[in-house]
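This is target_38.cif (mmCIF, C-alpha atoms and all ligand atoms).
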```cif
data_run
#
loop_
_atom_site.label_atom_id
_atom_site.label_comp_id
_atom_site.auth_asym_id
_atom_site.auth_seq_id
_atom_site.Cartn_x
_atom_site.Cartn_y
_atom_site.Cartn_z
CA MET V 29 -26.43 13.19 -5.94
CA LYS V 30 -22.84 14.08 -6.83
CA LYS V 31 -21.24 12.46 -9.87
CA LYS V 32 -18.48 9.92 -9.08
CA LEU V 33 -14.97 11.03 -10.02
CA VAL V 34 -12.03 8.61 -9.81
CA ILE V 35 -8.52 10.05 -9.87
CA PHE V 36 -5.94 7.39 -10.79
CA SER V 37 -2.55 8.84 -9.85
CA GLY V 38 1.02 7.73 -10.35
CA ALA V 39 4.46 9.04 -9.44
CA GLY V 40 4.07 11.98 -11.85
CA ILE V 41 1.59 13.74 -9.55
CA SER V 42 4.26 13.91 -6.84
CA ALA V 43 7.05 14.99 -9.23
CA GLU V 44 6.35 18.70 -8.70
CA SER V 45 6.60 18.15 -4.96
CA GLY V 46 10.18 17.07 -5.54
CA ILE V 47 9.75 13.28 -5.43
CA PRO V 48 11.46 11.56 -8.37
CA THR V 49 9.34 9.34 -10.61
CA PHE V 50 10.47 5.83 -11.56
CA ARG V 51 10.85 5.76 -15.33
CA ASP V 52 11.63 9.36 -16.28
CA GLN V 53 15.18 10.59 -16.82
CA ASN V 54 16.98 10.41 -13.41
CA GLY V 55 14.09 8.27 -12.23
CA ILE V 56 14.38 5.88 -9.30
CA TRP V 57 14.88 2.86 -11.56
CA GLU V 58 17.87 4.59 -13.15
CA THR V 59 19.71 4.61 -9.83
CA HIS V 60 18.36 1.41 -8.24
CA ARG V 61 17.71 -2.06 -9.67
CA ILE V 62 14.14 -3.26 -9.05
CA GLU V 63 15.39 -6.80 -8.39
CA GLU V 64 17.70 -5.53 -5.65
CA VAL V 65 15.23 -3.39 -3.67
CA ALA V 66 11.58 -4.06 -4.63
CA THR V 67 10.94 -7.81 -4.86
CA PRO V 68 10.37 -10.59 -2.30
CA GLN V 69 13.62 -12.18 -3.52
CA ALA V 70 15.51 -8.96 -2.74
CA TRP V 71 13.97 -8.96 0.75
CA ALA V 72 14.97 -12.60 1.33
CA SER V 73 18.56 -12.10 0.16
CA ASN V 74 19.38 -8.62 1.45
CA PRO V 75 16.76 -7.11 3.80
CA LYS V 76 19.26 -4.46 4.94
CA LEU V 77 19.54 -3.01 1.41
CA VAL V 78 15.75 -3.11 0.91
CA LEU V 79 15.18 -1.32 4.26
CA LYS V 80 17.85 1.28 3.35
CA PHE V 81 16.05 1.99 0.03
CA TYR V 82 12.69 2.56 1.71
CA ASN V 83 14.17 4.39 4.71
CA GLU V 84 15.77 6.90 2.28
CA ARG V 85 12.47 7.35 0.41
CA ARG V 86 10.54 7.76 3.71
CA ARG V 87 12.95 10.46 4.91
CA LYS V 88 12.67 12.27 1.56
CA ILE V 89 8.85 12.18 1.58
CA LEU V 90 8.80 13.61 5.12
CA LYS V 91 10.58 16.69 3.77
CA VAL V 92 8.23 17.51 0.85
CA ASN V 93 4.70 18.85 0.65
CA PRO V 94 1.58 18.28 -1.44
CA ASN V 95 1.56 20.37 -4.62
CA LYS V 96 -1.21 22.28 -6.38
CA ALA V 97 -2.41 19.12 -8.12
CA HIS V 98 -3.02 17.31 -4.82
CA LEU V 99 -4.72 20.41 -3.42
CA GLU V 100 -6.97 20.93 -6.46
CA ILE V 101 -8.09 17.31 -6.28
CA LYS V 102 -9.16 17.93 -2.69
CA LYS V 103 -11.18 20.95 -3.86
CA LEU V 104 -13.02 18.80 -6.42
CA GLU V 105 -14.67 17.01 -3.48
CA GLU V 106 -16.97 20.07 -3.29
CA PHE V 107 -18.49 19.19 -6.68
CA PHE V 108 -17.95 15.44 -7.02
CA GLU V 109 -17.80 12.26 -4.99
CA VAL V 110 -14.02 11.83 -5.38
CA VAL V 111 -12.04 8.64 -4.83
CA VAL V 112 -8.27 8.77 -5.34
CA ILE V 113 -6.81 5.42 -6.39
CA THR V 114 -3.07 5.95 -6.22
CA GLN V 115 -0.04 3.82 -7.11
CA ASN V 116 2.01 6.16 -4.91
CA ILE V 117 3.25 5.17 -1.48
CA ASP V 118 3.58 8.78 -0.30
CA ASP V 119 0.86 10.45 1.79
CA LEU V 120 0.60 13.66 -0.22
CA HIS V 121 -3.04 13.10 -1.23
CA GLU V 122 -3.96 12.62 2.44
CA ARG V 123 -1.92 15.64 3.51
CA ALA V 124 -3.70 17.71 0.85
CA GLY V 125 -6.95 16.73 2.58
CA SER V 126 -8.37 14.10 0.21
CA LYS V 127 -10.84 12.01 2.19
CA ASN V 128 -10.99 8.82 0.09
CA VAL V 129 -7.55 7.54 -0.86
CA LEU V 130 -6.86 3.93 -1.84
CA HIS V 131 -3.18 2.89 -2.07
CA LEU V 132 -2.76 0.06 -4.58
CA HIS V 133 0.98 -0.34 -3.93
CA GLY V 134 1.07 0.26 -0.18
CA GLU V 135 2.11 3.12 2.10
CA ILE V 136 5.60 4.28 3.09
CA PHE V 137 4.47 5.37 6.57
CA LYS V 138 3.29 1.89 7.49
CA MET V 139 5.22 -1.31 8.29
CA ARG V 140 4.13 -4.88 8.96
CA SER V 141 5.24 -8.28 10.17
CA GLU V 142 6.95 -10.11 7.32
CA LYS V 143 4.90 -13.20 8.19
CA ASN V 144 1.49 -11.72 9.07
CA SER V 145 0.19 -8.96 6.77
CA ASN V 146 -2.54 -8.15 9.29
CA LEU V 147 0.01 -6.90 11.81
CA VAL V 148 0.42 -3.36 10.41
CA TYR V 149 1.92 -0.41 12.33
CA PRO V 150 2.42 3.29 11.56
CA THR V 151 6.00 4.54 11.32
CA LYS V 152 7.71 7.79 10.41
CA ASN V 153 11.11 6.37 11.34
CA ASP V 154 13.63 4.03 9.73
CA ILE V 155 12.84 0.33 9.91
CA LYS V 156 15.86 -1.69 11.03
CA VAL V 157 16.92 -5.31 10.70
CA GLY V 158 16.12 -6.90 14.07
CA GLN V 159 13.09 -4.65 14.66
CA LEU V 160 10.26 -7.13 15.27
CA ALA V 161 6.46 -7.14 15.11
CA GLU V 162 4.40 -8.47 18.03
CA ASP V 163 4.55 -11.95 16.45
CA GLY V 164 8.32 -11.87 16.84
CA GLU V 165 8.87 -11.58 13.09
CA GLN V 166 10.97 -9.00 11.26
CA LEU V 167 9.16 -5.79 10.33
CA ARG V 168 9.04 -4.92 6.59
CA PRO V 169 7.71 -1.93 4.63
CA HIS V 170 3.92 -2.11 4.02
CA ILE V 171 4.58 -1.90 0.29
CA VAL V 172 3.45 -4.14 -2.60
CA TRP V 173 6.63 -5.38 -4.29
CA PHE V 174 6.85 -6.65 -7.85
CA PHE V 175 5.51 -10.23 -8.13
CA GLU V 176 3.36 -9.71 -5.01
CA GLU V 177 -0.45 -9.71 -4.90
CA VAL V 178 -2.19 -6.30 -5.06
CA PRO V 179 -4.75 -6.77 -2.25
CA MET V 180 -6.71 -3.55 -2.97
CA MET V 181 -7.20 -4.34 -6.67
CA GLU V 182 -10.67 -5.92 -6.31
CA LYS V 183 -11.91 -2.94 -4.31
CA ALA V 184 -10.39 -0.52 -6.86
CA ILE V 185 -12.12 -2.32 -9.74
CA GLU V 186 -15.50 -2.07 -7.98
CA ILE V 187 -15.00 1.68 -7.50
CA VAL V 188 -13.93 2.24 -11.12
CA LYS V 189 -16.93 0.29 -12.44
CA GLN V 190 -19.25 2.87 -10.79
CA CYS V 191 -17.47 6.05 -11.89
CA ASP V 192 -18.83 8.85 -14.10
CA TYR V 193 -15.39 10.40 -14.69
CA PHE V 194 -11.96 8.69 -14.69
CA VAL V 195 -8.78 10.77 -14.67
CA VAL V 196 -5.24 9.37 -15.05
CA ILE V 197 -2.63 11.76 -13.63
CA GLY V 198 1.09 11.06 -13.83
CA SER V 199 1.27 7.36 -14.60
CA SER V 200 3.17 5.63 -17.39
CA LEU V 201 0.48 2.91 -17.34
CA VAL V 202 3.10 0.16 -17.68
CA VAL V 203 2.66 -1.66 -14.36
CA TYR V 204 -0.08 -4.28 -14.04
CA PRO V 205 -2.59 -4.99 -12.69
CA ALA V 206 -2.88 -1.28 -11.72
CA ALA V 207 -2.71 -0.11 -15.34
CA SER V 208 -5.64 -2.38 -16.25
CA LEU V 209 -8.03 -0.29 -14.14
CA ILE V 210 -8.84 1.96 -17.13
CA SER V 211 -10.39 -1.05 -18.87
CA TYR V 212 -13.07 -1.25 -16.13
CA VAL V 213 -14.32 2.32 -16.72
CA PRO V 214 -17.99 2.22 -17.83
CA GLN V 215 -18.65 2.95 -21.52
CA ASN V 216 -20.63 6.12 -20.76
CA ALA V 217 -18.03 7.57 -18.37
CA LEU V 218 -15.67 10.34 -19.51
CA LYS V 219 -11.92 9.62 -19.39
CA PHE V 220 -9.07 12.12 -19.12
CA ILE V 221 -5.28 11.79 -18.94
CA ILE V 222 -2.94 14.47 -17.61
CA ASP V 223 0.77 14.03 -18.34
CA PRO V 224 3.51 16.14 -20.02
CA GLN V 225 4.47 13.02 -22.01
CA ILE V 226 1.21 11.19 -22.71
CA PRO V 227 1.89 7.44 -22.30
CA ASN V 228 0.43 4.72 -24.50
CA HIS V 229 -3.09 4.25 -23.20
CA GLY V 230 -4.74 2.51 -26.15
CA ASP V 231 -7.97 4.38 -25.59
CA LYS V 232 -9.39 6.39 -28.51
CA ASP V 233 -12.05 8.02 -26.30
CA ILE V 234 -9.75 9.53 -23.69
CA PHE V 235 -9.44 13.32 -23.41
CA VAL V 236 -5.73 14.24 -23.43
CA ILE V 237 -4.32 17.14 -21.37
CA GLN V 238 -0.62 17.22 -22.21
CA LYS V 239 0.56 19.31 -19.28
CA PRO V 240 2.27 18.83 -15.91
CA ALA V 241 -0.15 17.86 -13.15
CA THR V 242 -0.27 21.29 -11.47
CA GLU V 243 -1.39 22.96 -14.74
CA GLY V 244 -3.39 20.07 -16.18
CA ILE V 245 -5.52 19.79 -13.06
CA ILE V 246 -6.73 23.39 -13.50
CA GLU V 247 -7.72 22.69 -17.12
CA LEU V 248 -9.46 19.51 -15.99
CA ALA V 249 -11.37 21.24 -13.17
CA THR V 250 -12.53 23.98 -15.57
CA LYS V 251 -13.71 21.38 -18.12
CA LEU V 252 -15.50 19.29 -15.51
CA LYS V 253 -17.28 22.30 -14.01
CA LYS V 254 -18.40 23.48 -17.47
CA LEU V 255 -19.71 19.97 -18.12
CA MET V 256 -21.59 19.97 -14.83
CA THR V 257 -23.16 23.35 -15.60
CA LYS V 258 -24.30 22.11 -19.01
CA LEU V 259 -25.71 18.93 -17.47
CA SER V 260 -27.61 20.86 -14.82
CA LEU V 261 -29.05 23.20 -17.49
CA LEU V 262 -30.29 20.16 -19.42
CA LYS V 263 -32.32 18.93 -16.46
N1 LIG V 301 2.97 15.94 -14.00
C1 LIG V 301 2.29 14.87 -14.47
N2 LIG V 301 2.88 13.74 -14.90
C2 LIG V 301 4.23 13.70 -14.86
C3 LIG V 301 5.01 14.77 -14.39
C4 LIG V 301 4.32 15.94 -13.95
N3 LIG V 301 4.99 17.00 -13.49
N4 LIG V 301 6.33 14.41 -14.49
C5 LIG V 301 6.34 13.15 -15.00
N5 LIG V 301 5.09 12.73 -15.24
C6 LIG V 301 4.64 11.47 -15.80
C7 LIG V 301 5.62 10.77 -16.72
O1 LIG V 301 5.51 11.29 -18.04
C8 LIG V 301 5.13 9.33 -16.63
O2 LIG V 301 4.08 9.09 -17.54
O3 LIG V 301 4.44 10.57 -14.72
C9 LIG V 301 4.60 9.23 -15.19
C10 LIG V 301 5.54 8.51 -14.25
O4 LIG V 301 5.63 7.18 -14.67
P1 LIG V 301 6.42 6.14 -13.73
O5 LIG V 301 7.71 6.77 -13.29
O6 LIG V 301 6.43 4.85 -14.47
O7 LIG V 301 5.51 6.02 -12.43
P2 LIG V 301 4.21 5.15 -12.22
O8 LIG V 301 3.40 5.07 -13.47
O9 LIG V 301 3.55 5.67 -11.01
O10 LIG V 301 4.83 3.68 -11.90
C11 LIG V 301 3.90 2.67 -11.53
O11 LIG V 301 5.77 1.22 -10.98
O12 LIG V 301 7.82 1.23 -10.03
C12 LIG V 301 6.53 0.83 -9.84
O13 LIG V 301 5.33 0.52 -7.86
C13 LIG V 301 5.95 1.50 -8.63
O14 LIG V 301 3.79 2.54 -8.35
C14 LIG V 301 4.92 2.44 -9.21
C15 LIG V 301 4.55 1.77 -10.52
#
```
For the structure just supplied, provide its representation as structure tokens.
Amino acid sequence: MKKKLVIFSGAGISAESGIPTFRDQNGIWETHRIEEVATPQAWASNPKLVLKFYNERRRKILKVNPNKAHLEIKKLEEFFEVVVITQNIDDLHERAGSKNVLHLHGEIFKMRSEKNSNLVYPTKNDIKVGQLAEDGEQLRPHIVWFFEEVPMMEKAIEIVKQCDYFVVIGSSLVVYPAASLISYVPQNALKFIIDPQIPNHGDKDIFVIQKPATEGIIELATKLKKLMTKLSLLK
């Protein structure tokens, strides 16, 4: 039976693919105001601006590729039962081949009726004002905005509660409830964090790998495989 490995990823894992993070220098929130583009109030007052923001990000994501970190995570599926719980709305984990990806904050290549969240459609194109779902309502990005419920949170918590290894890659751990996931990791599980600027995590037992994702993932994989070898020798 393979050990359960949860990868909890944030914008930092896509940084080396060329997608800007949110809170780093030149991050997205330095050039856009959250309250203008990523809240239900923004959508109600200026849907055109909100759609423009996500249309630009969708076009950008179409032009980039998964990086070594995404690809190495896929390779770990050979040794572990891997679940990726990502805050990212890009599809780079899927394009790298990861089989189990859970998007806590939605997906840029999906859209939905603004009135019925069950009416979800794939899209690689811009969403426009006046473009309607089958219920006749305006289509919106299938993204979790600030102040909105995080529908996948319960499922994510259940997955984290069962894990043997929990790895944070590229998240500033400042957005809740996503950042609270680390508190559901079982006592006997091993925790790692990969980030060039390690964020406050408040966890004395976490193993720190202060490197960019594409380098840190190699160090992590080496450590995990050594651990697995030791464990198998103990049997
Ligand atoms: N490799 C690994 N980590 C990196 C790299 C890199 N090459 N470059 C930057 N980072 C780290 C930063 O040090 C930071 O800790 O990635 C993290 C990015 O933090 P944020 O920009 O806050 O992104 P994230 O944590 O994903 O934000 C959470 O906030 O804006 C909302 O919904 C949005 O999902 C997002 C949520």
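Residue nearest Glu105 in chain V within the list V:Ala70, V:Ala124, V:Val92, V:Ile237: V:Ala124 [criterion: smallest interatomic distance, all atoms listed in the file].
With a cut-off of 6 Å and using only C-alpha atoms and all ligand atoms, the polymer residues contacting ligand LIG 301 (chain V) are Gly38, Ala39, Gly40, Ile41, Ala43, Glu44, Thr49, Phe50, Arg51, Asp52, Gln115, Asn116, His133, Ile197, Gly198, Ser199, Ser200, Leu201, Val203, Asp223, Pro224, Gln225, Pro227, Pro240 and Ala241 of chain V.
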Check: Taking (14.1, 0.2, -0.1) in the file's coordinates as the center, which residues reach within 10 Å of it, counting all atoms listed in the file, put as a PyMOL selection string?
Finding: chain V and resi 60+62+64-67+70-71+75-86+136+168-169+171
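Distances from V:Val195, V:Leu104, V:Leu255, V:Ile155 to Ile35 in chain V were compared using all atoms listed in the file, and the smallest one belongs to V:Val195.
Distance annotation: of V:Gln238, V:Ser37, V:Ser45, V:Gln190, the residue with the minimal separation from Val112 in chain V is V:Ser37; atom set is only C-alpha atoms.
Using only C-alpha atoms, every residue with an atom at most 12 Å from the point (1.4, -12.6, 9.2) is listed here: Met139, Arg140, Ser141, Glu142, Lys143, Asn144, Ser145, Asn146, Leu147, Val148, Ala161, Glu162, Asp163, Gly164, Glu165, Gln166, Leu167, Arg168 and His170 of chain V.
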Once you have the residues from the selection above, write them out as a JSON list (two decimals), in the coordinates of the input, restricted to C-alpha atoms.
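Done, and the output landed in selection30.json:
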```
[["chain", "number", "residue", "atom", "x", "y", "z"],
["V", 139, "MET", "CA", 5.22, -1.31, 8.29],
["V", 140, "ARG", "CA", 4.13, -4.88, 8.96],
["V", 141, "SER", "CA", 5.24, -8.28, 10.17],
["V", 142, "GLU", "CA", 6.95, -10.11, 7.32],
["V", 143, "LYS", "CA", 4.90, -13.20, 8.19],
["V", 144, "ASN", "CA", 1.49, -11.72, 9.07],
["V", 145, "SER", "CA", 0.19, -8.96, 6.77],
["V", 146, "ASN", "CA", -2.54, -8.15, 9.29],
["V", 147, "LEU", "CA", 0.01, -6.90, 11.81],
["V", 148, "VAL", "CA", 0.42, -3.36, 10.41],
["V", 161, "ALA", "CA", 6.46, -7.14, 15.11],
["V", 162, "GLU", "CA", 4.40, -8.47, 18.03],
["V", 163, "ASP", "CA", 4.55, -11.95, 16.45],
["V", 164, "GLY", "CA", 8.32, -11.87, 16.84],
["V", 165, "GLU", "CA", 8.87, -11.58, 13.09],
["V", 166, "GLN", "CA", 10.97, -9.00, 11.26],
["V", 167, "LEU", "CA", 9.16, -5.79, 10.33],
["V", 168, "ARG", "CA", 9.04, -4.92, 6.59],
["V", 170, "HIS", "CA", 3.92, -2.11, 4.02]]
```
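Picture a line from CA of Lys96 in chain V to CA of Thr59 in chain V; it runs 27.6 Å.
Taking CA of Ile117 in chain V and CA of Asp192 in chain V as endpoints, the distance between them is 25.7 Å.
What separates CA of Phe107 in chain V from CA of Val213 in chain V is a distance of 20.1 Å.
The residue that comes closest to Ile185 in chain V, out of V:Leu160, V:Ile245, V:Ala97, V:Val34 and on the basis of only C-alpha atoms, is V:Val34.
Using all atoms listed in the file for every distance, the candidate list V:Val196, V:Ile246, V:Val202, V:Ile101 yields V:Val196 as the residue closest to Phe36 in chain V.
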Margin query: From the options V:Gln69, V:Asn228, V:Ser260, V:Gln53, which residue's atoms come nearest to Phe174 in chain V, counting all atoms listed in the file?
Written below: V:Gln69
Next item on the list: Please identify all polymer residues within 12 Å of Lys219 in chain V, counting only C-alpha atoms, omitting same-chain residues fewer than 4 positions from it, and present them as a PyMOL selection string.
Entry: chain V and resi 33-36+188+191-197+209-215+229+231-237+248+251-252
Please rebuild range 36-47 of chain V with all heavy atoms and give the result as a compact mmCIF listing (two decimals), in the frame of the given file.
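File part_12.txt, as written:
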```
# COMPACT_ATOMS: atom_id res chain seq x y z
N PHE V 36 -6.92 8.49 -10.84
CA PHE V 36 -5.94 7.39 -10.79
C PHE V 36 -4.57 8.03 -10.91
O PHE V 36 -4.20 8.53 -11.98
CB PHE V 36 -6.20 6.40 -11.93
CG PHE V 36 -5.19 5.29 -12.02
CD1 PHE V 36 -5.09 4.34 -11.01
CD2 PHE V 36 -4.34 5.18 -13.11
CE1 PHE V 36 -4.15 3.31 -11.08
CE2 PHE V 36 -3.41 4.16 -13.20
CZ PHE V 36 -3.32 3.22 -12.17
N SER V 37 -3.82 8.08 -9.80
CA SER V 37 -2.55 8.84 -9.85
C SER V 37 -1.33 7.92 -9.77
O SER V 37 -1.37 6.84 -9.18
CB SER V 37 -2.51 9.86 -8.71
OG SER V 37 -2.45 9.22 -7.44
N GLY V 38 -0.27 8.41 -10.38
CA GLY V 38 1.02 7.73 -10.35
C GLY V 38 2.09 8.71 -9.90
O GLY V 38 1.80 9.85 -9.52
N ALA V 39 3.33 8.26 -9.98
CA ALA V 39 4.46 9.04 -9.44
C ALA V 39 4.51 10.46 -10.00
O ALA V 39 4.99 11.39 -9.35
CB ALA V 39 5.77 8.31 -9.75
N GLY V 40 3.99 10.66 -11.21
CA GLY V 40 4.07 11.98 -11.85
C GLY V 40 3.35 13.06 -11.08
O GLY V 40 3.73 14.23 -11.13
N ILE V 41 2.31 12.69 -10.29
CA ILE V 41 1.59 13.74 -9.55
C ILE V 41 2.44 14.26 -8.39
O ILE V 41 2.26 15.39 -7.93
CB ILE V 41 0.21 13.25 -9.06
CG1 ILE V 41 -0.67 14.47 -8.71
CG2 ILE V 41 0.34 12.33 -7.83
CD1 ILE V 41 -2.12 14.16 -8.47
N SER V 42 3.40 13.46 -7.95
CA SER V 42 4.26 13.91 -6.84
C SER V 42 5.57 14.52 -7.34
O SER V 42 6.36 15.04 -6.55
CB SER V 42 4.56 12.74 -5.90
OG SER V 42 3.35 12.23 -5.36
N ALA V 43 5.78 14.48 -8.67
CA ALA V 43 7.05 14.99 -9.23
C ALA V 43 7.25 16.46 -8.87
O ALA V 43 8.35 16.88 -8.47
CB ALA V 43 7.06 14.80 -10.75
N GLU V 44 6.20 17.26 -8.96
CA GLU V 44 6.35 18.70 -8.70
C GLU V 44 6.43 19.01 -7.21
O GLU V 44 6.60 20.16 -6.82
CB GLU V 44 5.20 19.46 -9.38
CG GLU V 44 5.33 19.44 -10.91
CD GLU V 44 4.07 19.85 -11.62
OE1 GLU V 44 3.22 18.96 -11.85
OE2 GLU V 44 3.92 21.04 -11.95
N SER V 45 6.32 17.98 -6.39
CA SER V 45 6.60 18.15 -4.96
C SER V 45 8.06 17.84 -4.67
O SER V 45 8.51 17.98 -3.53
CB SER V 45 5.71 17.22 -4.13
OG SER V 45 4.36 17.64 -4.18
N GLY V 46 8.76 17.36 -5.72
CA GLY V 46 10.18 17.07 -5.54
C GLY V 46 10.49 15.60 -5.35
O GLY V 46 11.61 15.22 -5.00
N ILE V 47 9.48 14.73 -5.56
CA ILE V 47 9.75 13.28 -5.43
C ILE V 47 10.00 12.71 -6.82
O ILE V 47 9.16 12.88 -7.72
CB ILE V 47 8.54 12.56 -4.79
CG1 ILE V 47 8.26 13.13 -3.39
CG2 ILE V 47 8.80 11.06 -4.70
CD1 ILE V 47 7.06 12.49 -2.70
```
